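**Q** Shown below is the structure under consideration.
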Amino acid sequence: MTEGVRQRSVALILARELAVNLVTPMLIWDEEGTLVYFNESAQAIIGRRYEDMADMTVEELQQFQPTDLDGNPLSVRDMASTIALESREPAHRVMYITALDGARRRLDVTAYPLLTRGDEFVGAVAIFWEPGQA
Amino acid sequence: MRIRVWGCRGSLAAPGPDTVRYGGNTSTVEVRLDDGTLVILDAGTGIRALGNHLAKSDEPIKKINLFLSHLHLDHVEGIGFFSAIWNPDVELHVWGPPSPLRSLQDRLATLMSPPLFPVHLADVPCRPIYHDVPDEEFTIGGARVYVQGVAHRGSTVGYRFEENGRSFAYIPDHEPALGQDLESVEPEWVSGFPVAHGVDVLFHDSQYTEEEYPTHRAWGHSSIAHTVSFGQMMKVRNLVLFHHDPAHSDEELEVHLGRAKELWGSNNDAPVLAREGMEIELPPA
């Protein structure tokens with residue numbers, strides 16, 4: 001009866017609406033690890049509009065050339081969003097990225113999984129900020 | 001499928017001379033499936049009169065499926081006054097949204113236990129059978145039932161029934177416009193989409209006027225304008241405005257209906273106000 005008619009989880013819908021209404025940069029991932037939204041503040045740090053990056057997967061985070069504070073490359077597996085999505089645990093990382101506008105930025109990132117009733121995993125949220133700009 | 005409204009008031013029963021035409025009882029809707037199966041949606045104060053009606057029926061009711069949209073008081077407060085629960089010959093199945101911590105029975109038992117109620121739920125003669133609503137489509141009688149969590153305060157679901165090519169959706173408490181503009185968002189990001197999409201009849205929360213909504217934002221309810229936008233986005237054929245605010249008189253509701261019709265334009269049939277005693281027949285397509 002509802003074939004082809006899909007609604008995102010209410011938790012994911014409300015997380016996205018929280019992001020829409022926040023000035024804290026925020027990314028929303030769905031349960032498959034696909035980027036489904038980031039807000040305008042995140043756009044300023046990422047260096048590109050969401051419309052140009054819709055459906056990005058966590059694997060594609062590598063394009064930001066993440067490194068730790070000493071300049072050592074960070075694997076996608078070590079990034080906070082990936083940990084929240086794959087291990088379904090909250091994670092925090094401090095790193096450098098090269099944004100898509102070419103700027104090198106230091107970021108603090110905290111990500112956490114979204115688990116709804118019945119422990120159903122519906123996605124993850126990552127908030128991030130540049131030190132001194134919080 | 002035949003639908004009959006026994007209560008359509010939101011939040012608090014509001015009997016009195018100002019609410020005679022649309023009624024003061026809180027949410028209860030009877031659905032008779034084509035094979036005779038009895039489904040009841042919510043156990044507001046309207047379920048008392050429904051119980052009395054069933055008791056007078058020539059054919060005694062043996063089995064009832066009671067679907068609760070959520071456990072706010074106005075949707076469960078009538079259960080202790082539903083005559084069927086005092087009949088040991090009735091097989092009553094109670095369905096409701098799950099909780100990670102407490103069973104449906106435990107949560108309802110809070111309401112039906114002293115000092116709030118003189119009899120414990122565990123002692124009612126019909127011995128209800130409790131079910132968490134499943135995530136997947138299931139069948140009741142000849143109808144397919146689809147349940148989805150919807151945006152409201154607390155764990156809340158909307159129900160969609162499909163039988164013989166006809167469909168009915170019930171989302172009495174719902175705030176799909178919370179934090180977003182329904183005119184600009186894609187349907188998959190709108191709470192209630194698969195429940196209401198393309199149905200013949202939608203009963204939907206319409207508690208507030210556009211003027212009232214800003215001071216009640218995030219209370220879990222919709223304005224008339226949100227309800228109309230939602231109904232249009234879902235391409236429903238008949239929109240029934242439900243869950244009337246207890247402060248709204250019959251005259252005020254009719255003014256709100258006028259506004260809903262104005263917003264609705266000429267798409268399908270114009271919205272109507274739910275009222276106690278309203279019957280809607282959905283014959284097989």
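Convention: chains lettered A, B, ... in structure tokens order; per-chain residue numbering from 1; ligands numbered from 1 as shown.
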As a PyMOL selection string, could you give me every residue of chain A near chain B (at most 9 Å apart, counting only C-alpha atoms)?

**A** chain A and resi 1-3+5-14+16-18+20-21+116-119

**Q** Where does DSSP see alpha helix (DSSP H) in stretch 205-244 of chain B, if you list the residues as a list in words?

**A** Ile224, Ala225, His226, Thr227, Val228, Ser229, Phe230, Gly231, Gln232 and Met233 of chain B

**Q** For the selection just defined, write its residues with C-alpha atoms to a file, as a PDB file, in the first residue's frame.

**A**
ATOM      1  CA  ILE B 224      -5.574  25.203  10.090  1.00  0.00           C
ATOM      2  CA  ALA B 225      -3.143  26.429   7.435  1.00  0.00           C
ATOM      3  CA  HIS B 226      -0.644  23.657   8.200  1.00  0.00           C
ATOM      4  CA  THR B 227      -3.388  21.070   8.023  1.00  0.00           C
ATOM      5  CA  VAL B 228      -4.520  22.323   4.638  1.00  0.00           C
ATOM      6  CA  SER B 229      -0.928  22.413   3.342  1.00  0.00           C
ATOM      7  CA  PHE B 230      -0.341  18.901   4.620  1.00  0.00           C
ATOM      8  CA  GLY B 231      -3.578  17.619   3.061  1.00  0.00           C
ATOM      9  CA  GLN B 232      -2.712  19.159  -0.275  1.00  0.00           C
ATOM     10  CA  MET B 233       0.837  17.883  -0.202  1.00  0.00           C
TER      11      MET B 233
END

**Q** How close does stretch 91-185 of chain B get to stretch 239-261 of chain B? List, as a Markdown table, each residue of stretch 91-185 of chain B within 9 Å, its nearest atom pair and the distance in Å to one decimal, counting only C-alpha atoms.

**A**
| residue | atom | partner | partner_atom | distance |
| --- | --- | --- | --- | --- |
| B:Ile171 | CA | B:Phe242 | CA | 8.7 |
| B:Pro172 | CA | B:His243 | CA | 6.0 |
| B:Asp173 | CA | B:His243 | CA | 7.2 |

**Q** Hey, what's within 7 Å of B:Trp6 if we count only C-alpha atoms and toss same-chain stuff fewer than 4 positions away? As number ranges by chain, please?

**A** B: 28-29, 46-47, 50, 276-277

**Q** Selection from above, C-alpha atoms, as a JSON list (two decimals), in the first residue's frame, can you write it?

**A**
[["chain", "number", "residue", "atom", "x", "y", "z"],
["B", 28, "THR", "CA", -12.78, 8.20, 19.50],
["B", 29, "VAL", "CA", -13.51, 6.94, 15.99],
["B", 46, "GLY", "CA", -16.23, 9.43, 23.15],
["B", 47, "ILE", "CA", -15.64, 5.73, 23.73],
["B", 50, "LEU", "CA", -19.68, 3.97, 21.67],
["B", 276, "GLU", "CA", -19.78, 13.69, 16.75],
["B", 277, "GLY", "CA", -22.12, 11.40, 14.86]]

**Q** Can you pull out the residues contacting stretch 84-90 of chain A? Cut-off 10 Å, using only C-alpha atoms, and skip same-chain residues under 2 positions away; I want them as a JSON list (two decimals) with N, CA and C atoms, in the first residue's frame.

**A**
[["chain", "number", "residue", "atom", "x", "y", "z"],
["A", 29, "TRP", "N", 23.48, 12.62, 8.65],
["A", 29, "TRP", "CA", 23.71, 11.42, 7.84],
["A", 29, "TRP", "C", 22.52, 10.48, 8.02],
["A", 30, "ASP", "N", 22.16, 9.76, 6.97],
["A", 30, "ASP", "CA", 21.10, 8.77, 7.16],
["A", 30, "ASP", "C", 21.71, 7.42, 7.57],
["A", 31, "GLU", "N", 20.86, 6.43, 7.70],
["A", 31, "GLU", "CA", 21.31, 5.14, 8.25],
["A", 31, "GLU", "C", 22.28, 4.42, 7.31],
["A", 32, "GLU", "N", 22.29, 4.81, 6.06],
["A", 32, "GLU", "CA", 23.20, 4.17, 5.11],
["A", 32, "GLU", "C", 24.52, 4.93, 4.98],
["A", 33, "GLY", "N", 24.67, 5.98, 5.78],
["A", 33, "GLY", "CA", 25.91, 6.75, 5.72],
["A", 33, "GLY", "C", 25.92, 7.72, 4.56],
["A", 34, "THR", "N", 24.77, 8.15, 4.14],
["A", 34, "THR", "CA", 24.67, 9.15, 3.08],
["A", 34, "THR", "C", 24.35, 10.50, 3.70],
["A", 58, "VAL", "N", 30.16, 8.73, 3.53],
["A", 58, "VAL", "CA", 31.28, 8.97, 4.45],
["A", 58, "VAL", "C", 32.61, 8.69, 3.78],
["A", 77, "ARG", "N", 37.97, 6.08, 8.52],
["A", 77, "ARG", "CA", 37.49, 5.22, 9.62],
["A", 77, "ARG", "C", 37.68, 5.90, 10.98],
["A", 79, "MET", "N", 37.36, 9.14, 11.54],
["A", 79, "MET", "CA", 36.64, 10.42, 11.65],
["A", 79, "MET", "C", 35.38, 10.24, 12.49],
["A", 80, "ALA", "N", 35.00, 11.30, 13.16],
["A", 80, "ALA", "CA", 33.91, 11.20, 14.14],
["A", 80, "ALA", "C", 32.61, 10.72, 13.49],
["A", 81, "SER", "N", 32.30, 11.23, 12.32],
["A", 81, "SER", "CA", 31.04, 10.82, 11.67],
["A", 81, "SER", "C", 31.04, 9.33, 11.35],
["A", 82, "THR", "N", 32.18, 8.85, 10.88],
["A", 82, "THR", "CA", 32.27, 7.43, 10.51],
["A", 82, "THR", "C", 32.09, 6.54, 11.74],
["A", 92, "HIS", "N", 34.49, 12.15, 19.25],
["A", 92, "HIS", "CA", 34.95, 13.53, 19.14],
["A", 92, "HIS", "C", 36.35, 13.53, 18.54],
["A", 110, "THR", "N", 32.13, 16.73, 16.82],
["A", 110, "THR", "CA", 31.48, 15.76, 17.69],
["A", 110, "THR", "C", 30.33, 15.13, 16.91],
["A", 111, "ALA", "N", 30.31, 13.81, 16.88],
["A", 111, "ALA", "CA", 29.24, 13.12, 16.15],
["A", 111, "ALA", "C", 28.59, 12.11, 17.08],
["A", 112, "TYR", "N", 27.31, 11.88, 16.84],
["A", 112, "TYR", "CA", 26.60, 10.90, 17.67],
["A", 112, "TYR", "C", 25.55, 10.19, 16.82],
["A", 113, "PRO", "N", 25.29, 8.93, 17.14],
["A", 113, "PRO", "CA", 24.29, 8.18, 16.37],
["A", 113, "PRO", "C", 22.89, 8.55, 16.80],
["A", 114, "LEU", "N", 21.94, 8.35, 15.91],
["A", 114, "LEU", "CA", 20.52, 8.53, 16.23],
["A", 114, "LEU", "C", 19.88, 7.14, 16.32],
["A", 115, "LEU", "N", 19.50, 6.79, 17.52],
["A", 115, "LEU", "CA", 18.85, 5.49, 17.75],
["A", 115, "LEU", "C", 17.45, 5.77, 18.26],
["A", 121, "PHE", "N", 18.51, 2.11, 14.34],
["A", 121, "PHE", "CA", 19.52, 3.10, 13.95],
["A", 121, "PHE", "C", 19.02, 3.84, 12.71],
["A", 122, "VAL", "N", 18.92, 5.15, 12.79],
["A", 122, "VAL", "CA", 18.34, 5.90, 11.65],
["A", 122, "VAL", "C", 19.31, 6.92, 11.07],
["A", 123, "GLY", "N", 20.53, 7.04, 11.65],
["A", 123, "GLY", "CA", 21.49, 7.98, 11.09],
["A", 123, "GLY", "C", 22.39, 8.55, 12.16],
["A", 124, "ALA", "N", 23.02, 9.64, 11.83],
["A", 124, "ALA", "CA", 23.95, 10.28, 12.77],
["A", 124, "ALA", "C", 23.99, 11.78, 12.53],
["A", 125, "VAL", "N", 24.39, 12.47, 13.57],
["A", 125, "VAL", "CA", 24.52, 13.92, 13.51],
["A", 125, "VAL", "C", 25.97, 14.28, 13.83],
["A", 126, "ALA", "N", 26.53, 15.20, 13.08],
["A", 126, "ALA", "CA", 27.87, 15.72, 13.42],
["A", 126, "ALA", "C", 27.78, 17.23, 13.55]]

**Q** Looking only at strand (DSSP E or B) from DSSP on the backbone, list the matching residues of stretch 16-221 of chain B as an mmCIF file with C-alpha atoms, in the first residue's frame.

**A**
data_model
loop_
_atom_site.group_PDB
_atom_site.id
_atom_site.type_symbol
_atom_site.label_atom_id
_atom_site.label_comp_id
_atom_site.auth_asym_id
_atom_site.auth_seq_id
_atom_site.Cartn_x
_atom_site.Cartn_y
_atom_site.Cartn_z
ATOM 1 C CA THR B 26 -12.329 13.656 23.093
ATOM 2 C CA THR B 28 -12.780 8.199 19.496
ATOM 3 C CA VAL B 29 -13.511 6.935 15.995
ATOM 4 C CA GLU B 30 -15.270 3.715 15.080
ATOM 5 C CA VAL B 31 -14.249 1.963 11.892
ATOM 6 C CA ARG B 32 -16.312 -0.938 10.578
ATOM 7 C CA LEU B 38 -14.710 -3.558 14.552
ATOM 8 C CA VAL B 39 -11.793 -1.179 14.891
ATOM 9 C CA ILE B 40 -11.751 1.695 17.370
ATOM 10 C CA LEU B 41 -9.289 4.525 17.127
ATOM 11 C CA LYS B 63 -13.808 -9.026 19.319
ATOM 12 C CA ILE B 64 -12.555 -5.430 19.272
ATOM 13 C CA ASN B 65 -9.292 -3.952 18.067
ATOM 14 C CA LEU B 66 -8.550 -0.679 19.842
ATOM 15 C CA PHE B 67 -5.728 1.318 18.252
ATOM 16 C CA GLU B 91 -11.805 -10.221 23.264
ATOM 17 C CA LEU B 92 -10.177 -6.788 23.358
ATOM 18 C CA HIS B 93 -6.891 -6.202 21.573
ATOM 19 C CA VAL B 94 -5.234 -2.909 22.502
ATOM 20 C CA TRP B 95 -2.561 -1.601 20.146
ATOM 21 C CA GLY B 96 -0.294 1.351 20.834
ATOM 22 C CA ILE B 129 -4.449 -8.333 25.081
ATOM 23 C CA TYR B 130 -1.761 -5.705 24.441
ATOM 24 C CA HIS B 131 0.301 -5.215 21.327
ATOM 25 C CA ASP B 132 3.032 -2.791 20.384
ATOM 26 C CA PHE B 138 -0.150 -6.007 8.948
ATOM 27 C CA THR B 139 -3.724 -7.174 8.465
ATOM 28 C CA ILE B 140 -6.828 -6.662 10.567
ATOM 29 C CA ALA B 143 -7.839 -4.349 5.855
ATOM 30 C CA ARG B 144 -4.155 -3.732 5.535
ATOM 31 C CA VAL B 145 -2.869 -1.485 8.277
ATOM 32 C CA TYR B 146 0.198 0.706 8.068
ATOM 33 C CA VAL B 147 1.562 2.518 11.110
ATOM 34 C CA GLN B 148 4.213 5.213 11.240
ATOM 35 C CA GLY B 149 5.652 7.372 13.981
ATOM 36 C CA VAL B 157 1.745 7.078 15.567
ATOM 37 C CA GLY B 158 -0.601 7.657 12.661
ATOM 38 C CA TYR B 159 -2.682 4.851 11.161
ATOM 39 C CA ARG B 160 -3.585 4.070 7.580
ATOM 40 C CA PHE B 161 -6.236 1.486 6.702
ATOM 41 C CA GLU B 162 -6.734 0.140 3.209
ATOM 42 C CA GLU B 163 -9.544 -2.166 2.252
ATOM 43 C CA ARG B 166 -10.314 2.497 -0.349
ATOM 44 C CA SER B 167 -8.121 4.156 2.223
ATOM 45 C CA PHE B 168 -8.478 6.074 5.456
ATOM 46 C CA ALA B 169 -5.765 7.775 7.512
ATOM 47 C CA TYR B 170 -5.985 8.920 11.099
ATOM 48 C CA ILE B 171 -3.428 11.381 12.501
ATOM 49 C CA VAL B 201 -10.153 10.323 3.746
ATOM 50 C CA LEU B 202 -7.721 11.899 6.193
ATOM 51 C CA PHE B 203 -8.646 12.815 9.752
ATOM 52 C CA HIS B 204 -6.010 15.321 10.837
ATOM 53 C CA ASP B 205 -5.152 17.557 13.751
ATOM 54 C CA TYR B 208 -5.110 26.023 16.229
#

**Q** Just the number, please: distance in Å from atom CA of B:Leu73 to atom CA of B:Ala43, one decimal.

**A**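 Separation between atom CA of B:Leu73 and atom CA of B:Ala43: 9.2 Å.
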
**Q** Write out as a PDB file with C-alpha atoms, in the first residue's frame each polymer residue whose atoms come within 6 Å of A:Thr98, counting only C-alpha atoms; drop sequence neighbours fewer than 2 positions from it.

**A**
ATOM      1  CA  PHE A  64      38.783  16.915   2.689  1.00  0.00           C
ATOM      2  CA  GLN A  65      42.297  15.544   3.269  1.00  0.00           C
ATOM      3  CA  GLY A 102      40.756  25.504  -0.693  1.00  0.00           C
ATOM      4  CA  ALA A 103      41.105  26.845   2.847  1.00  0.00           C
ATOM      5  CA  ARG A 104      42.844  24.718   5.465  1.00  0.00           C
TER       6      ARG A 104
END

**Q** Can you work out the spacing between atom CA of B:Gly80 and atom CA of B:Arg48 in Å, to one decimal?

**A**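 Computing the Euclidean distance for atom CA of B:Gly80 and atom CA of B:Arg48 yields 8.6 Å.
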
**Q** Record the distance separating atom CA of B:Trp219 and atom CA of B:Gly265, expressed in Å with one decimal.

**A**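 Between these atoms lies a distance of 27.9 Å.
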
**Q** With only C-alpha atoms as the atoms that count, which of A:Ala54, A:Val76, A:Phe128, A:Arg49 lies nearest to A:Met26?

**A**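 Residue with the minimum atom-to-atom distance to A:Met26: A:Phe128.
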